[in-house]
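Student: Just dropping this structure here.
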Amino acid sequence: MSTLTDAGVTPEPEAAVSRRPAGAMMRTALRLWRTRIGVALVALLVLVAILGPAIAPHGPSEYFGLAPNAPPSGKAYFGTDYIGQDVWSRFLDGGREILVMAVLATALGLVLGTAVGLTAAYARNILDDVLMRAMDVILAFPQIMLALVVVATVGASETLIVLAVGLTTMPRVARIIRGAAQAIVERDFVAAAEALGLPRIRILMREVLPNVLSPLLVEANLRLTYSIGLIASLAFLGLAPNPNGADWGLMIQQNRVALGTDQPWGVLLPMIAIALLTIGTGLVGDGFARAAAGIDRGRGAE
Amino acid sequence: MSAPEAAIVVDDLRVVVAGTGHDIVDEVSFAIAPGEVLGLVGESGSGKTTAALALLGHTRRGARITGGSVRIGDQQVLELSRDQSRRLRGRVISYVPQDPASALNPALRIGTQLTEALEVHGIGGSGDERRARVAEMMREVALPDDPAYLRRYPHELSGGQQQRVGLAMAFACRPRVIVLDEPTTGLDVTTQAHVLGTVRELAAAHRVAALYVSHDLAVVGSLAARVAVMYAGRIVELAPADELFQAAAHPYTRRLVAAVPHLEGRRDLVGIPGRAPSPGQRPGGCSFALRCTMVQEECTLAMPDLRVVSEAHSARCLFAEQVRALVDERRGPAGVVAEPAAADSVLALNGVNAGYMGLTVVHDVNLGVAPRECLALVGESGSGKTTLARAIVGLHRERSGEILLKGRPLARAARSRPRDVRRSIQYVFQNPYGSLNPRRTVGQIVRQPLELFGGRSGREIDRRVDEMLARVSLTAAYASQYPDQLSGGERQRVAIARALVCNPEVLVCDEVTSALDVSVQAAIVELLGELQRDLGLAMLFVTHNLPLVRSIAQRVAVMSSGRIVELGPVDRVLQEPADDYTRRLLADTPSLETATA
């Protein structure tokens, strides 16, 4: 080579390259402001969702003598909604369900997706093709379409929404994990385990899985963000498990006409909450991704 | 040393870690005359690449040049602006990196890349002139110069050809100085011999001053007239090559020379215990004091200066004269070489063929390894030796013919073999950086076979793991460490411990030292030889390194294009090779004997 470029030179290893990259990634991530802000936002909204029902001044479906769309007052801090229920109380009450469902659905998608992705990457044969083409078929439809079809035909129950969102999350996770694991299964330590005759499940769980935790963690945050949005959207479209209960997505749908009026809180409050929550999980995921990239760079190619 | 006609003069060069100010390289001074090749030898982490890059005024990310000067002609390289030094590079000083594949742009045809190198430096006015120049360059490095060849992409060339293109590019603008950073690492001995020959001829023909950086003393010895030895960021010895190999004046150089396997005369390899201190952890006195067998109290007080011990020979040791006068203790023959009982092979291969997707790469191999015997399998890359080794341990399934363990045929896949068979045959991988799971501790890695093959309580397993770690000269404290906290040699020890922890009868070692420094290689071979004798292992030692065979094996099989071309006792094969291929391999192998002859 006649000229020298940085690309051709191995970078100096970073000082603190860790043995447990997933743990180190979290520590590095938490040093970034974006992650800290993200964690603070998520923590705030989780607190609202958990403690909300306990501190709500009224019941979610309680009528206490105010007219519909009443402006904020001492009796109702954020006024009343389209049928005279307390916006503040419904807001405090409506977070828990969406959060629990989003977390469960994401967890389901992660577990299934990781299982499919690892199996496909390790199989390196027809099973790989069958599994991944099946995932592609699911991927061909927009996530919300599939969820809508399922929920609209069978009916909106909590279990069904979690299942629908989880199953549509699965192929996205599977692709990421398969991609990450493909490089790992070719490494010699996997061959060493095979030469010993270690059972396949133990090779996947103990040799491969720990080496894809970083991308998995990044993906987990991203998928959680999407699940929150998706479940809120389903509720907005009228497919909430309890159409009379309080639910942020449902609140937006019910009060959407009030957005342009002088009592927009019924729709603004849940909108802000969902926005902050997704921004929060998004920031955490982005922080993790940046930390993971930094660590991977530092580790160098040996 | 700064003769007036020197093409490049390096004076008191100092490179530090940007944040901490710890020195990576310090007090490095040398000069190279036009047409001369200076060898720069050191183990990994000695700062040799950092020093070499600094000659171009370049540092890797995180490092900074903070002192000294590099003068080429009347230009002070380190004082140039970014633009000026960019013009300098390629034109006046050029660089050949270790990995040719990463230095060539995979998306551009090689002809385009070579022409570009000329264009950038404004050489050759017209396209025709440049084409003629490119053709000339190709001929110089003994590559075809026809347009069809120039239209190839880098991936269509072999490693040796890629490195030749790299050389052509480096010599393209007729620079005055060229820095070669381990350009033959990863190449076969035959290819290496050709590349080295090309470097020697080009440097002499065009009066180019060359700095040849390598960890391989034998390679440097066959190429360079003078050799500088680097240790912990400093030049510890600088001498003419033959003087350095015969009468080194620094204890480190002595140990390094002793660690190089010889083609002639069986002897033990002696490794250097311990590891070189890294930047920021270097002791106050002589940096080799911690590992030196001749250390005195004065050594730890202050860093010794580089002193002249004789004409053109200087060393950084307080006792250089005494060290230089030392007579090489006759290195004894390697262990007791019990002639193996030829009768019952533990491991036998009968007409083994193996291949990939229908393409046969191993043809009709018949081999037997007796108990307590070490059989070396030697071949260049692509000869099929690794495929064969992997077929034996059941990692390569596409094979036919019989592989027998104590007379019982083995299933193709490790998974289909009975537990006891899997326990009996163990494998050590080439690259210790890939064969250990980075997410598991050394203890977890070593205990895995014990847990799998069962029959021991938790406490027994713990004891056995400690015992095994001690056996490979690692303390029990290593058990809680992760692989990336260990050096390459330590990792390979862990891999050996994992292979031997469940008392196998057959050990297959696949190029286990090729990723390691020479001194570490010596220590690993020493350890393997000792373990093989003590545990009565039957060992198949796969390597591309012929001299190494002498230090460990009793018999050697030479493999070429998937066939065993020669098989016999080591002494006989290395001294009176019967096969042409073996003879060629021997002739191309650089060694200290040929270097000093």
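Going by the structure tokens order, chains are called A, B, ..., each with residues numbered from 1, while ligands are numbered from 1 in the order shown.
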Compute the set of chain B residues within 8 Å of chain A, using only C-alpha atoms, and express it as a ChimeraX atom specification.

Tutor: /B:60-62,86,89-91,94-97,102-104,117,166-167,169-170,393-395,414-415,419,422-423,426-427,429,431,433-439,449,452,482-485

Student: Quick one: pick out all strand (DSSP E or B) residues within range 248-465 of chain B from a backbone DSSP run and write them as a count of residues only.

Tutor: 47

Student: Within 12 Å of range 112-117 of chain A, which residues of range 187-268 of chain A show up? Give each one with its shortest atom-to-atom distance in Å (one decimal) and the two atoms involved, counting only C-alpha atoms, rows by chain then rising residue number, as CSV.

Tutor:
residue,atom,partner,partner_atom,distance
A:Ile201,CA,A:Ala115,CA,10.3
A:Leu204,CA,A:Ala115,CA,9.1
A:Met205,CA,A:Ala115,CA,9.7
A:Val208,CA,A:Thr114,CA,11.0
A:Leu209,CA,A:Thr114,CA,8.6
A:Pro210,CA,A:Thr114,CA,11.7
A:Val212,CA,A:Thr114,CA,9.5
A:Leu213,CA,A:Thr114,CA,10.1
A:Pro215,CA,A:Thr114,CA,10.9
A:Leu216,CA,A:Thr114,CA,8.2
A:Leu217,CA,A:Thr114,CA,11.3
A:Glu219,CA,A:Thr114,CA,10.6
A:Ala220,CA,A:Thr114,CA,10.7
A:Arg223,CA,A:Gly113,CA,11.3

Student: Please list as an MDAnalysis selection string every residue within 9 Å of range 554-563 of chain B, counting only C-alpha atoms and excluding residues in the same chain fewer than 4 positions away.

Tutor: chainID B and resid 337:340 353:354 360:365 367 373:380 382:385 388 549:550 567:571 573 581:582

Student: Those same residues - C-alpha atoms - I'd like them written as a PDB file, in the first residue's frame.

Tutor:
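What ended up in selection-v1.pdb:
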ATOM      1  CA  VAL B 337      12.837 -40.466  22.491  1.00  0.00           C
ATOM      2  CA  ALA B 338      11.483 -43.902  23.012  1.00  0.00           C
ATOM      3  CA  GLU B 339      11.079 -45.592  19.678  1.00  0.00           C
ATOM      4  CA  PRO B 340       7.416 -46.345  19.533  1.00  0.00           C
ATOM      5  CA  ASN B 353     -10.678 -39.642   1.878  1.00  0.00           C
ATOM      6  CA  ALA B 354     -12.276 -36.380   2.847  1.00  0.00           C
ATOM      7  CA  THR B 360     -11.983 -34.433  -2.451  1.00  0.00           C
ATOM      8  CA  VAL B 361      -9.157 -32.679  -0.624  1.00  0.00           C
ATOM      9  CA  VAL B 362      -7.720 -35.639   1.302  1.00  0.00           C
ATOM     10  CA  HIS B 363      -6.834 -38.691  -0.767  1.00  0.00           C
ATOM     11  CA  ASP B 364      -6.361 -42.211   0.519  1.00  0.00           C
ATOM     12  CA  VAL B 365      -4.472 -41.484   3.720  1.00  0.00           C
ATOM     13  CA  LEU B 367      -1.490 -43.519   9.050  1.00  0.00           C
ATOM     14  CA  GLU B 373       4.238 -41.686  20.088  1.00  0.00           C
ATOM     15  CA  CYS B 374       4.120 -38.233  18.575  1.00  0.00           C
ATOM     16  CA  LEU B 375       3.508 -38.244  14.848  1.00  0.00           C
ATOM     17  CA  ALA B 376       3.880 -34.917  13.102  1.00  0.00           C
ATOM     18  CA  LEU B 377       1.741 -34.157  10.079  1.00  0.00           C
ATOM     19  CA  VAL B 378       3.391 -31.449   8.002  1.00  0.00           C
ATOM     20  CA  GLY B 379       1.952 -29.627   5.053  1.00  0.00           C
ATOM     21  CA  GLU B 380       1.284 -26.205   3.624  1.00  0.00           C
ATOM     22  CA  GLY B 382      -4.535 -26.208   1.528  1.00  0.00           C
ATOM     23  CA  SER B 383      -2.757 -29.535   1.801  1.00  0.00           C
ATOM     24  CA  GLY B 384      -5.750 -30.979   3.656  1.00  0.00           C
ATOM     25  CA  LYS B 385      -4.018 -31.525   6.972  1.00  0.00           C
ATOM     26  CA  LEU B 388      -7.871 -34.688   8.124  1.00  0.00           C
ATOM     27  CA  VAL B 549       8.739 -31.123  14.127  1.00  0.00           C
ATOM     28  CA  ARG B 550      12.250 -31.971  15.175  1.00  0.00           C
ATOM     29  CA  LEU B 567       6.416 -40.841   6.072  1.00  0.00           C
ATOM     30  CA  GLY B 568       9.314 -41.789   8.293  1.00  0.00           C
ATOM     31  CA  PRO B 569      11.411 -41.036  11.350  1.00  0.00           C
ATOM     32  CA  VAL B 570      12.021 -37.326  11.797  1.00  0.00           C
ATOM     33  CA  ASP B 571      15.804 -37.482  11.454  1.00  0.00           C
ATOM     34  CA  VAL B 573      13.005 -37.313   6.614  1.00  0.00           C
ATOM     35  CA  TYR B 581       8.153 -31.998  -2.293  1.00  0.00           C
ATOM     36  CA  THR B 582       9.799 -32.530   1.091  1.00  0.00           C
TER      37      THR B 582
END

Student: Between CA of Cys502 in chain B and CA of Val518 in chain B, what is the distance in Å, rounded to a tenth?

Tutor: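 Distance between the two atoms: 29.0 Å.
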
Student: Looking at only C-alpha atoms, which of A:Phe141, A:Tyr63, A:Tyr226, A:Tyr122 is the one that sits closest to Ile177 in chain A?

Tutor: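 Among the listed residues, the smallest separation from Ile177 in chain A belongs to A:Tyr122.
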
Student: Pick from A:Gly285, A:Gly94, A:Pro57, A:Pro264: nearest to Tyr77 in chain A, with only C-alpha atoms counted?

Tutor: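 Closest residue, counting only C-alpha atoms: A:Pro57.
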
Student: State, in Å with one decimal place, the distance from CA of Pro72 in chain A to CA of Gly84 in chain A.

Tutor: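 Interatomic distance here is 11.9 Å.
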
Student: Any idea what the distance is between CA of Glu526 in chain B and CA of Ala259 in chain B?

Tutor: 10.0 Å

Student: Near range 124-136 of chain A, counting only C-alpha atoms, which residues have an atom at most 12 Å away, once you skip same-chain residues fewer than 2 positions from it, shown as JSON, numbers by chain?

Tutor: {"A": [112, 113, 115, 116, 117, 118, 119, 120, 121, 122, 138, 139, 140, 141, 142, 167, 168, 169, 170, 171, 172, 173, 174, 175, 176, 177, 178, 179, 181, 182, 183, 185, 186]}

Student: Could you go through range 46-246 of chain A and tell me which residues DSSP, when run on the backbone, assigns to alpha helix (DSSP H), listing them as a ChimeraX atom specification?

Tutor: /A:46-55,87-93,95-123,126-140,143-154,158-185,188-196,200-202,213-236

Student: So, with only C-alpha atoms as the atoms that count, which of B:Glu398, B:Asp580, B:Asp517, B:Asp11 lies closest to Ser214 in chain B?

Tutor: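 Result for the nearest residue to Ser214 in chain B: B:Asp517.
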
Student: Contacts of Tyr153 in chain B at 8 Å or less, counting only C-alpha atoms, minus same-chain residues fewer than 2 places along, as a PyMOL selection string?

Tutor: chain B and resi 106-110+151+155-157

Student: B:Ile24, B:Ala476, B:Ala18, B:Cys509: which is nearest Phe541 in chain B, counting only C-alpha atoms?

Tutor: B:Cys509
